[in-house]
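Just upload27.cif here, mmCIF, C-alpha atoms:
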data_start
loop_
_atom_site.group_PDB
_atom_site.id
_atom_site.type_symbol
_atom_site.label_atom_id
_atom_site.label_comp_id
_atom_site.auth_asym_id
_atom_site.auth_seq_id
_atom_site.Cartn_x
_atom_site.Cartn_y
_atom_site.Cartn_z
ATOM 1 C CA MET X 1 -6.214 5.454 -15.479
ATOM 2 C CA LYS X 2 -5.132 6.337 -11.950
ATOM 3 C CA ALA X 3 -4.701 3.810 -9.169
ATOM 4 C CA VAL X 4 -3.484 3.790 -5.576
ATOM 5 C CA ILE X 5 -1.162 0.920 -4.728
ATOM 6 C CA SER X 6 -0.399 -0.040 -1.125
ATOM 7 C CA PHE X 7 3.148 -1.133 -0.318
ATOM 8 C CA GLY X 8 4.042 -3.174 2.753
ATOM 9 C CA SER X 9 7.018 -5.199 3.960
ATOM 10 C CA ASN X 10 8.368 -6.638 7.191
ATOM 11 C CA ILE X 11 11.309 -8.564 5.726
ATOM 12 C CA ASN X 12 14.140 -6.176 4.797
ATOM 13 C CA PRO X 13 11.649 -3.354 4.108
ATOM 14 C CA GLU X 14 14.279 -0.630 3.727
ATOM 15 C CA ALA X 15 15.459 -2.435 0.570
ATOM 16 C CA ASN X 16 12.219 -4.016 -0.632
ATOM 17 C CA LEU X 17 9.964 -0.952 -0.647
ATOM 18 C CA PRO X 18 12.286 1.124 -2.879
ATOM 19 C CA ALA X 19 13.004 -1.919 -5.083
ATOM 20 C CA ALA X 20 9.281 -2.517 -5.634
ATOM 21 C CA LEU X 21 8.773 1.163 -6.426
ATOM 22 C CA ALA X 22 11.600 1.073 -8.986
ATOM 23 C CA MET X 23 10.053 -1.993 -10.635
ATOM 24 C CA LEU X 24 6.597 -0.409 -10.688
ATOM 25 C CA ARG X 25 8.100 2.714 -12.302
ATOM 26 C CA GLN X 26 9.078 0.590 -15.323
ATOM 27 C CA GLY X 27 5.418 0.245 -16.349
ATOM 28 C CA ALA X 28 3.605 3.142 -14.700
ATOM 29 C CA GLU X 29 4.026 6.842 -14.078
ATOM 30 C CA ILE X 30 4.440 7.627 -10.374
ATOM 31 C CA LEU X 31 2.314 10.671 -9.527
ATOM 32 C CA ALA X 32 2.646 10.779 -5.726
ATOM 33 C CA VAL X 33 4.295 8.816 -2.921
ATOM 34 C CA SER X 34 3.167 8.826 0.717
ATOM 35 C CA ALA X 35 5.333 8.834 3.790
ATOM 36 C CA VAL X 36 6.344 5.440 5.115
ATOM 37 C CA TYR X 37 4.708 4.274 8.347
ATOM 38 C CA GLN X 38 5.966 1.655 10.754
ATOM 39 C CA THR X 39 3.010 -0.366 11.995
ATOM 40 C CA PRO X 40 2.526 -3.436 14.145
ATOM 41 C CA PRO X 41 1.895 -6.695 12.284
ATOM 42 C CA VAL X 42 -1.648 -7.943 11.789
ATOM 43 C CA GLY X 43 -1.991 -11.397 13.295
ATOM 44 C CA ASN X 44 1.058 -12.558 15.247
ATOM 45 C CA PRO X 45 2.328 -9.767 17.542
ATOM 46 C CA ASN X 46 5.738 -11.490 17.671
ATOM 47 C CA ASP X 47 6.314 -10.923 13.935
ATOM 48 C CA PRO X 48 8.469 -7.942 12.958
ATOM 49 C CA PRO X 49 6.716 -4.596 12.401
ATOM 50 C CA PHE X 50 5.734 -3.559 8.885
ATOM 51 C CA LEU X 51 6.700 -0.524 6.888
ATOM 52 C CA ASN X 52 3.674 0.630 4.881
ATOM 53 C CA ALA X 53 3.139 3.307 2.244
ATOM 54 C CA ALA X 54 0.961 4.145 -0.745
ATOM 55 C CA VAL X 55 1.694 5.305 -4.274
ATOM 56 C CA LEU X 56 -0.570 7.035 -6.785
ATOM 57 C CA ILE X 57 0.141 5.898 -10.341
ATOM 58 C CA GLU X 58 -1.052 6.518 -13.872
ATOM 59 C CA THR X 59 -1.319 3.286 -15.845
ATOM 60 C CA GLU X 60 -2.720 1.940 -19.092
ATOM 61 C CA LEU X 61 -3.377 -1.425 -17.406
ATOM 62 C CA LEU X 62 -6.851 -2.530 -16.436
ATOM 63 C CA PRO X 63 -7.249 -3.803 -12.834
ATOM 64 C CA ALA X 64 -6.699 -7.509 -13.598
ATOM 65 C CA ALA X 65 -3.571 -6.811 -15.637
ATOM 66 C CA LEU X 66 -2.263 -4.385 -13.008
ATOM 67 C CA ARG X 67 -2.845 -6.997 -10.287
ATOM 68 C CA GLY X 68 -0.861 -9.480 -12.372
ATOM 69 C CA ARG X 69 1.986 -6.963 -12.715
ATOM 70 C CA LEU X 70 2.020 -6.441 -8.949
ATOM 71 C CA ARG X 71 2.165 -10.205 -8.336
ATOM 72 C CA ARG X 72 5.152 -10.484 -10.696
ATOM 73 C CA ILE X 73 6.948 -7.716 -8.786
ATOM 74 C CA GLU X 74 6.216 -9.524 -5.515
ATOM 75 C CA ALA X 75 7.590 -12.794 -6.945
ATOM 76 C CA ALA X 76 10.717 -11.049 -8.248
ATOM 77 C CA LEU X 77 11.352 -9.730 -4.733
ATOM 78 C CA GLY X 78 10.981 -13.169 -3.167
ATOM 79 C CA ARG X 79 7.409 -13.020 -1.853
ATOM 80 C CA LYS X 80 6.246 -16.479 -0.821
ATOM 81 C CA ARG X 81 2.493 -16.809 -0.380
ATOM 82 C CA THR X 82 1.523 -19.129 2.457
ATOM 83 C CA ALA X 83 -1.698 -20.325 4.044
ATOM 84 C CA ASP X 84 -1.280 -17.555 6.643
ATOM 85 C CA PRO X 85 -2.409 -14.312 4.980
ATOM 86 C CA ASN X 86 -0.599 -12.313 7.698
ATOM 87 C CA ALA X 87 2.757 -14.099 7.499
ATOM 88 C CA PRO X 88 5.917 -11.979 7.240
ATOM 89 C CA ARG X 89 6.678 -10.963 3.668
ATOM 90 C CA THR X 90 9.312 -9.286 1.562
ATOM 91 C CA ILE X 91 6.691 -7.178 -0.203
ATOM 92 C CA ASP X 92 2.923 -6.901 -0.364
ATOM 93 C CA LEU X 93 1.424 -4.845 -3.193
ATOM 94 C CA ASP X 94 -2.316 -4.294 -3.499
ATOM 95 C CA ILE X 95 -4.595 -2.067 -5.539
ATOM 96 C CA LEU X 96 -6.484 -0.009 -2.960
ATOM 97 C CA LEU X 97 -8.237 2.297 -5.414
ATOM 98 C CA TYR X 98 -8.720 2.216 -9.166
ATOM 99 C CA GLU X 99 -10.793 4.712 -11.130
ATOM 100 C CA GLY X 100 -14.176 3.263 -11.922
ATOM 101 C CA GLU X 101 -13.730 0.225 -9.649
ATOM 102 C CA PRO X 102 -14.876 -0.305 -6.042
ATOM 103 C CA PRO X 103 -12.096 0.202 -3.488
ATOM 104 C CA ASP X 104 -10.292 -2.748 -1.907
ATOM 105 C CA SER X 105 -11.869 -3.711 1.427
ATOM 106 C CA ASP X 106 -8.481 -3.290 3.167
ATOM 107 C CA LEU X 107 -8.927 0.456 2.719
ATOM 108 C CA TYR X 108 -11.871 0.284 5.130
ATOM 109 C CA LYS X 109 -10.348 -2.247 7.544
ATOM 110 C CA TYR X 110 -6.803 -1.068 8.149
ATOM 111 C CA PRO X 111 -5.403 2.338 9.090
ATOM 112 C CA HIS X 112 -2.079 1.252 7.553
ATOM 113 C CA ALA X 113 -3.884 1.215 4.176
ATOM 114 C CA ALA X 114 -6.201 4.231 4.542
ATOM 115 C CA ILE X 115 -3.796 6.743 6.096
ATOM 116 C CA PRO X 116 -1.054 6.504 3.416
ATOM 117 C CA ALA X 117 -3.752 6.366 0.692
ATOM 118 C CA ALA X 118 -5.165 9.644 2.001
ATOM 119 C CA GLU X 119 -1.768 11.280 1.519
ATOM 120 C CA VAL X 120 -1.754 10.488 -2.209
ATOM 121 C CA ALA X 121 -5.484 10.484 -3.069
ATOM 122 C CA GLY X 122 -7.239 12.183 -0.171
ATOM 123 C CA ASP X 123 -9.883 13.894 -2.286
ATOM 124 C CA TRP X 124 -10.983 10.707 -4.095
ATOM 125 C CA PRO X 125 -14.651 10.059 -3.407
ATOM 126 C CA LEU X 126 -15.695 6.701 -2.009
ATOM 127 C CA PRO X 127 -18.998 4.988 -2.883
ATOM 128 C CA GLU X 128 -20.668 5.989 0.392
ATOM 129 C CA GLY X 129 -20.035 9.680 -0.310
ATOM 130 C CA LYS X 130 -17.027 10.427 1.893
ATOM 131 C CA THR X 131 -13.471 10.975 0.699
ATOM 132 C CA VAL X 132 -10.399 8.869 1.379
ATOM 133 C CA SER X 133 -9.183 11.637 3.722
ATOM 134 C CA ALA X 134 -12.429 11.479 5.718
ATOM 135 C CA LEU X 135 -12.105 7.700 6.022
ATOM 136 C CA ALA X 136 -8.490 8.039 7.197
ATOM 137 C CA ALA X 137 -9.494 10.696 9.749
ATOM 138 C CA GLU X 138 -12.072 8.295 11.209
ATOM 139 C CA MET X 139 -9.307 5.706 11.651
ATOM 140 C CA MET X 140 -6.784 8.023 13.296
ATOM 141 C CA PRO X 141 -7.818 7.232 16.891
ATOM 142 C CA ALA X 142 -7.093 3.539 16.234
ATOM 143 C CA ALA X 143 -3.756 4.395 14.635
ATOM 144 C CA ARG X 144 -1.987 6.016 17.566
ATOM 145 C CA GLN X 145 0.734 3.358 17.386
ATOM 146 C CA PHE X 146 1.786 4.648 13.939
ATOM 147 C CA TYR X 147 4.711 6.900 13.378
ATOM 148 C CA ARG X 148 6.353 8.225 10.268
ATOM 149 C CA LYS X 149 9.630 6.745 9.232
ATOM 150 C CA GLU X 150 11.871 8.318 6.629
ATOM 151 C CA ILE X 151 13.509 6.029 4.081
ATOM 152 C CA ARG X 152 16.187 7.799 2.079
ATOM 153 C CA SER X 153 15.704 6.133 -1.286
ATOM 154 C CA TRP X 154 11.926 5.840 -0.965
ATOM 155 C CA GLY X 155 10.001 7.853 -3.559
#
So that I can check it, write out the structure of this file as structure tokens.
Amino acid sequence: MKAVISFGSNINPEANLPAALAMLRQGAEILAVSAVYQTPPVGNPNDPPFLNAAVLIETELLPAALRGRLRRIEAALGRKRTADPNAPRTIDLDILLYEGEPPDSDLYKYPHAAIPAAEVAGDWPLPEGKTVSALAAEMMPAARQFYRKEIRSWG
């Protein structure tokens, strides 16, 4: 099955994004990797900016098992979950899209999820009939603060 995983970090992201990708590679085939975007934090504007990206994978894992694998990667990279869902973090990994499953609501709420997802799975249809690319295009006006950032060992 194919899935789109969002990657985000605002604590040492230049190291944590590639490390999470390397760990994910151990149990999934990486089919495509988006550019990395620097985005403002959600919540506290005084927190450091995030680096966000998306990866298209092929996996044998069902959604619940894949989610568990992502949580183990987060824990291995020092992610501490707190009461504040927008607190700074070493890594945040989420399943945005999974074949046969409804998309994660973050895909619809946040340009930092939809725009990288469109790079790796733009033609995927969404339940309401539009594609991921069409959703990302609708969010572009709200995403003017984004810019691409190259990370050498990313992807």
Atom pair CA of Ile57 (chain X) + CA of Asp104 (chain X), distance 16.0 Å
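Each of X:Leu135, X:Leu107, X:Ala83, X:Leu93 was checked against Ser9 (chain X) using only C-alpha atoms; the smallest atom-to-atom distance is that of X:Leu93.
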Calculate how many Å separate CA of Val120 (chain X) from CA of Asp47 (chain X), rounding to one decimal. 28.0 Å
Which residues, named as in the file, does the PyMOL selection byres ((chain X and resi 86) around 7) pick out? Answer as a ChimeraX atom specification. /X:42-43,84-85,87-88
With all atoms listed in the file as the counted atoms, please give the residues lying no more than 9 Å from Ile73 (chain X), apart from itself and same-chain residues fewer than 3 positions off, as a list in words. Ala20, Met23, Leu24, Gly68, Arg69, Leu70, Ala76, Leu77, Gly78, Arg79, Ile91 and Leu93 of chain X
Any chance you could export the current selection's C-alpha atoms as an mmCIF file, in the coordinates of the input?
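Here's the written file part_18.cif:
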data_model
loop_
_atom_site.group_PDB
_atom_site.id
_atom_site.type_symbol
_atom_site.label_atom_id
_atom_site.label_comp_id
_atom_site.auth_asym_id
_atom_site.auth_seq_id
_atom_site.Cartn_x
_atom_site.Cartn_y
_atom_site.Cartn_z
ATOM 1 C CA ALA X 20 9.281 -2.517 -5.634
ATOM 2 C CA MET X 23 10.053 -1.993 -10.635
ATOM 3 C CA LEU X 24 6.597 -0.409 -10.688
ATOM 4 C CA GLY X 68 -0.861 -9.480 -12.372
ATOM 5 C CA ARG X 69 1.986 -6.963 -12.715
ATOM 6 C CA LEU X 70 2.020 -6.441 -8.949
ATOM 7 C CA ALA X 76 10.717 -11.049 -8.248
ATOM 8 C CA LEU X 77 11.352 -9.730 -4.733
ATOM 9 C CA GLY X 78 10.981 -13.169 -3.167
ATOM 10 C CA ARG X 79 7.409 -13.020 -1.853
ATOM 11 C CA ILE X 91 6.691 -7.178 -0.203
ATOM 12 C CA LEU X 93 1.424 -4.845 -3.193
#
